[in-house]
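Student: Below you'll find the structure I mean.
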Amino acid sequence: MNSKWLLATLLLGFLVLPVSLMAQITEYQQEQWLHTPAVTSHIGNITGNANSDRVKSDYRRYCVGCHGELGDGNGENAIWFETPLFPKPRDFQLAVFKCRSTPTGTLPTDQDLFDTIARGLDRSNMPPWNTFTKQQRADLVAWIKHYSPRWQTEKAGTPITIPPEPEVTPERVKAGQEVFARVQCWKCHGVTGKANGPSASTLTDDLGRPTLPFDFSSGARPMCGSTDRDIYRIFMTGLDGTPMPSFSDNIKPDEAWDLVFFLRTLQPHNEYNKKEREIAKQLNLKPLNAMKLSQ
Amino acid sequence: MSVKQHRNFLPCAVVVVLICLASMMTLRKVHAAADGSITGTVKLDGTAPHMRGIDMSKDPWCVKQHVGSPAHLELVVVGQNDGLENVVLYISEGLSAGETNEKSSAVPVFDQKNCMYTPHVLAMDVGEQYKVITSDQTTHNIHPEPNPLLGNIPWNRSQPPGAPPIIQSWKVEEVAIPVKCNIHPWMHGWFVVVKGPYATTDDSGNYTIHNVPPGSYTVTAWQETYGKQTQKVSVSAGAAAKADFTFKASAAHVM
């Protein structure tokens, strides 16, 4: 019996070894990537350098606690993140990022990562790091690239084109509600945007952890930015790693603006939605009838 | 720490590279002209585990499609004569690198039908284009979750009723990539990405891998619950080699 178990263990070891060699990233590999041309960043006229004197100590001082020594999102504080309220720290090795200007399944641009660092992620443990200088942030963008092999072989995706924002009209707000009904945003976000759609309670992220849809009525900032363009970008690129898919195959650019205007009516008063709220009031815009929709 | 890993890694890498080179050199050149095939049956030995029924009440449209014929989980699907359905068979060893097999022109299609995946398991070649379509009057999102460190990148797209097909391919071999729909959490399927020719068992557990050049191979059978089994076969020109598999229904696997 004993020798059988020994044999089984050995066999298992041999089976598992090649897989773990492929999938596990070592500090040594990362050290190599640190000195490759792919590990730089370009934001406007600023060039981020992962080998600058400062960036290593910045990462160690401000980021390592959550994102970890190897950038895998397993820093010593990570175990205290309770989902769904607080998503786990990003795993820079997998390099799957929520806030992108690029299509689903592609790497974000340097600018996307740079913006995320400054903006922080609302309703998570990631604060806005707007106390950093631009150079510090650009260096950190370069730095986090040395954690993943993906930056060695892949290029950032091409940002989606966002046409200039049209004028808000009652027709557009109404058309936006039709898009909301057609692509069934309400399945998760609910007909009133209160994150209480029929599928809301069962959502899980790519780690299999429970997660919540965005509640438009809460007054919270959307995770990847508050402006009209940010909201446009969120549903057209999707938030990779979460249940939020990309709708770019099925919402035309012009319709996407309609949807942005309709989504504004679901939010409580904020600095962006005065016009949309007025229009909704004038139109006496009623929420969709979920029972009717799901027949 | 880093110095130590440095020292261990180099010899490891050298050995791995040498093994790769050696195996590449020993592989023979084969000719597609007189291809054979591998055929057989995959069976389940023992009582098939109970497959729980699916509660689709989150989406009334889905419920409607299953009135009178409730849907069940598809972790183990047993058909006639204990045949195991949805087992993917492929050649895991023996195909020479860079050898292109004659491929069938049929595009693998993954349909979202009645809030289930048809087929539940879709096999395909590396780089082969496949199609995701929807037959449903409810919105789905297609969310494959490969391991990006192996080379395939996860994506997540919405497909509302009447939406055009999504055409994609995968860069590297991966057995297997889970696919899910976040809106309908019971929807769970697989993309099985293999190198070279492949086959998936039908509802009687039968399969045939076509377009196999003559040679000696290791055939692997993959089943989502029971894992992998392998067998050695020799394929001669124009003939069908036989490889039957039996998976044991063990209590540990009962869901």
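Identifiers in the structure tokens: chain A, B, ... in order shown; residue index from 1 per chain; ligand index from 1 in order shown.
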With 6 Å as the limit and counting only C-alpha atoms, what residues in chain B lie close to chain A? Please list them as a list of chain:residue names.
Tutor: B:Ser2, B:His6, B:Lys58, B:Pro60, B:Trp61, B:Pro148, B:Leu149, B:Ile153, B:Pro154, B:Trp155, B:Asn156, B:Arg157, B:Ser158, B:Pro160, B:Asn182, B:Ile183
Student: Can you list, as a VMD selection string, every residue of region 103-234 of chain B that DSSP puts in strand (DSSP E)?
Tutor: chain B and resid 109 to 113 116 to 118 121 to 125 130 to 134 140 to 144 157 to 159 166 to 168 174 to 180 188 to 194 198 to 200 206 to 212 215 to 223 227 to 234
Student: Just checking: using only C-alpha atoms, which residue out of B:Val78, B:Glu173, B:Ala241, B:Ala71 ends up closest to Gly46 (chain B)?
Tutor: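 Between B:Val78, B:Glu173, B:Ala241, B:Ala71, the residue approaching Gly46 (chain B) most closely is B:Val78.
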Student: Which polymer residues have any atom within 10 Å of an atom of Pro287 (chain A), counting only C-alpha atoms, with same-chain residues fewer than 5 positions away left out, as a list in words?
Tutor: Gln177, Gly190, Val191, Thr192, Gly193 and Leu266 of chain A
Student: Pick out the residues sitting within 6 Å of region 219-230 of chain A, and hand them over as a ChimeraX atom specification; count only C-alpha atoms, and ignore anything fewer than 6 positions along from it in its own chain.
Tutor: /A:99,121-122,268
Student: Could you pull out the helix (DSSP H, G or I) residues of region 127-171 of chain A, going by DSSP on the backbone, and write them as number ranges by chain?
Tutor: A: 134-145, 150-153, 170-171
Student: Mind dumping the selected residues with N, CA and C atoms as an mmCIF file, in the first residue's frame?
Tutor:
```
data_model
loop_
_atom_site.group_PDB
_atom_site.id
_atom_site.type_symbol
_atom_site.label_atom_id
_atom_site.label_comp_id
_atom_site.auth_asym_id
_atom_site.auth_seq_id
_atom_site.Cartn_x
_atom_site.Cartn_y
_atom_site.Cartn_z
ATOM 1 N N LYS A 134 3.328 63.031 -11.930
ATOM 2 C CA LYS A 134 3.057 62.293 -13.160
ATOM 3 C C LYS A 134 4.187 61.326 -13.477
ATOM 4 N N GLN A 135 5.408 61.769 -13.211
ATOM 5 C CA GLN A 135 6.559 60.912 -13.484
ATOM 6 C C GLN A 135 6.516 59.650 -12.610
ATOM 7 N N GLN A 136 6.139 59.821 -11.348
ATOM 8 C CA GLN A 136 6.043 58.646 -10.454
ATOM 9 C C GLN A 136 5.014 57.651 -10.973
ATOM 10 N N ARG A 137 3.864 58.201 -11.397
ATOM 11 C CA ARG A 137 2.806 57.323 -11.900
ATOM 12 C C ARG A 137 3.245 56.612 -13.177
ATOM 13 N N ALA A 138 3.889 57.374 -14.070
ATOM 14 C CA ALA A 138 4.343 56.776 -15.335
ATOM 15 C C ALA A 138 5.354 55.663 -15.046
ATOM 16 N N ASP A 139 6.223 55.881 -14.071
ATOM 17 C CA ASP A 139 7.198 54.853 -13.702
ATOM 18 C C ASP A 139 6.502 53.618 -13.137
ATOM 19 N N LEU A 140 5.461 53.843 -12.349
ATOM 20 C CA LEU A 140 4.735 52.700 -11.777
ATOM 21 C C LEU A 140 4.012 51.899 -12.866
ATOM 22 N N VAL A 141 3.499 52.598 -13.896
ATOM 23 C CA VAL A 141 2.871 51.891 -15.017
ATOM 24 C C VAL A 141 3.901 50.966 -15.662
ATOM 25 N N ALA A 142 5.113 51.499 -15.879
ATOM 26 C CA ALA A 142 6.175 50.675 -16.460
ATOM 27 C C ALA A 142 6.518 49.520 -15.521
ATOM 28 N N TRP A 143 6.597 49.821 -14.237
ATOM 29 C CA TRP A 143 6.986 48.827 -13.240
ATOM 30 C C TRP A 143 6.029 47.627 -13.213
ATOM 31 N N ILE A 144 4.723 47.900 -13.214
ATOM 32 C CA ILE A 144 3.794 46.763 -13.076
ATOM 33 C C ILE A 144 3.832 45.859 -14.308
ATOM 34 N N LYS A 145 4.359 46.371 -15.417
ATOM 35 C CA LYS A 145 4.467 45.540 -16.617
ATOM 36 C C LYS A 145 5.519 44.432 -16.468
ATOM 37 N N ARG A 150 2.858 38.746 -20.426
ATOM 38 C CA ARG A 150 2.012 39.213 -21.527
ATOM 39 C C ARG A 150 2.567 40.474 -22.184
ATOM 40 N N TRP A 151 3.224 41.337 -21.396
ATOM 41 C CA TRP A 151 3.757 42.571 -21.979
ATOM 42 C C TRP A 151 4.938 42.289 -22.886
ATOM 43 N N GLN A 152 5.537 41.095 -22.747
ATOM 44 C CA GLN A 152 6.666 40.739 -23.599
ATOM 45 C C GLN A 152 6.196 40.311 -24.988
ATOM 46 N N THR A 153 5.011 39.710 -25.041
ATOM 47 C CA THR A 153 4.574 39.131 -26.309
ATOM 48 C C THR A 153 3.395 39.864 -26.935
ATOM 49 N N PRO A 170 -34.666 64.696 -26.037
ATOM 50 C CA PRO A 170 -35.623 63.722 -25.499
ATOM 51 C C PRO A 170 -35.642 62.443 -26.336
ATOM 52 N N GLU A 171 -35.499 62.582 -27.666
ATOM 53 C CA GLU A 171 -35.506 61.401 -28.542
ATOM 54 C C GLU A 171 -34.350 60.478 -28.181
#
```
Student: Report, in Å with one decimal, the straight-line distance from CA of Lys274 (chain A) to CA of Glu167 (chain A).
Tutor: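 CA of Lys274 (chain A) sits 13.2 Å away from CA of Glu167 (chain A).
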Student: So, counting only C-alpha atoms, which residue among A:Leu259, A:Val64, A:Leu70, A:Leu85 is closest to Ala175 (chain A)?
Tutor: A:Leu259
Student: Which residues are close to region 203-218 of chain B, i.e. within 7 Å by only C-alpha atoms, leaving aside same-chain residues fewer than 2 positions away? Reply as a ChimeraX atom specification.
Tutor: /B:30-32,34-43,79-81,83-85,91-94,101-102,197-201,220,230-237
Student: May I have the residues from that selection written out with C-alpha atoms, as an mmCIF file, in the first residue's frame?
Tutor:
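This is the output file out.cif:
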```cif
data_model
loop_
_atom_site.group_PDB
_atom_site.id
_atom_site.type_symbol
_atom_site.label_atom_id
_atom_site.label_comp_id
_atom_site.auth_asym_id
_atom_site.auth_seq_id
_atom_site.Cartn_x
_atom_site.Cartn_y
_atom_site.Cartn_z
ATOM 1 C CA VAL B 30 4.160 12.403 -42.491
ATOM 2 C CA HIS B 31 2.092 12.733 -45.607
ATOM 3 C CA ALA B 32 -1.515 13.766 -45.619
ATOM 4 C CA ALA B 34 -2.990 8.324 -47.243
ATOM 5 C CA ASP B 35 -4.434 9.356 -43.900
ATOM 6 C CA GLY B 36 -5.964 6.868 -41.533
ATOM 7 C CA SER B 37 -8.311 7.399 -38.642
ATOM 8 C CA ILE B 38 -8.734 6.536 -34.982
ATOM 9 C CA THR B 39 -12.111 5.279 -33.878
ATOM 10 C CA GLY B 40 -13.688 3.782 -30.789
ATOM 11 C CA THR B 41 -16.185 4.081 -27.984
ATOM 12 C CA VAL B 42 -15.954 5.786 -24.613
ATOM 13 C CA LYS B 43 -17.980 4.178 -21.843
ATOM 14 C CA GLY B 79 -26.361 7.665 -23.391
ATOM 15 C CA GLN B 80 -27.101 4.285 -24.935
ATOM 16 C CA ASN B 81 -25.047 1.264 -23.778
ATOM 17 C CA GLY B 83 -21.668 5.502 -23.812
ATOM 18 C CA LEU B 84 -20.207 8.736 -22.457
ATOM 19 C CA GLU B 85 -21.111 11.852 -24.389
ATOM 20 C CA ILE B 91 -3.624 13.206 -30.255
ATOM 21 C CA SER B 92 -1.463 14.320 -27.382
ATOM 22 C CA GLU B 93 1.822 12.852 -28.609
ATOM 23 C CA GLY B 94 3.283 11.787 -31.934
ATOM 24 C CA ASN B 101 -3.337 18.109 -41.230
ATOM 25 C CA GLU B 102 -6.061 18.203 -43.747
ATOM 26 C CA PRO B 197 -7.170 16.376 -35.416
ATOM 27 C CA TYR B 198 -9.788 15.736 -32.746
ATOM 28 C CA ALA B 199 -13.226 14.251 -32.183
ATOM 29 C CA THR B 200 -16.005 14.501 -29.626
ATOM 30 C CA THR B 201 -18.106 11.499 -28.606
ATOM 31 C CA THR B 220 -5.997 11.311 -24.925
ATOM 32 C CA THR B 230 -4.419 8.021 -22.615
ATOM 33 C CA GLN B 231 -3.779 5.104 -24.933
ATOM 34 C CA LYS B 232 -1.131 4.276 -27.515
ATOM 35 C CA VAL B 233 -2.302 3.518 -31.046
ATOM 36 C CA SER B 234 -0.698 2.799 -34.394
ATOM 37 C CA VAL B 235 -2.377 4.203 -37.450
ATOM 38 C CA SER B 236 -1.609 2.751 -40.864
ATOM 39 C CA ALA B 237 -2.360 4.392 -44.173
#
```
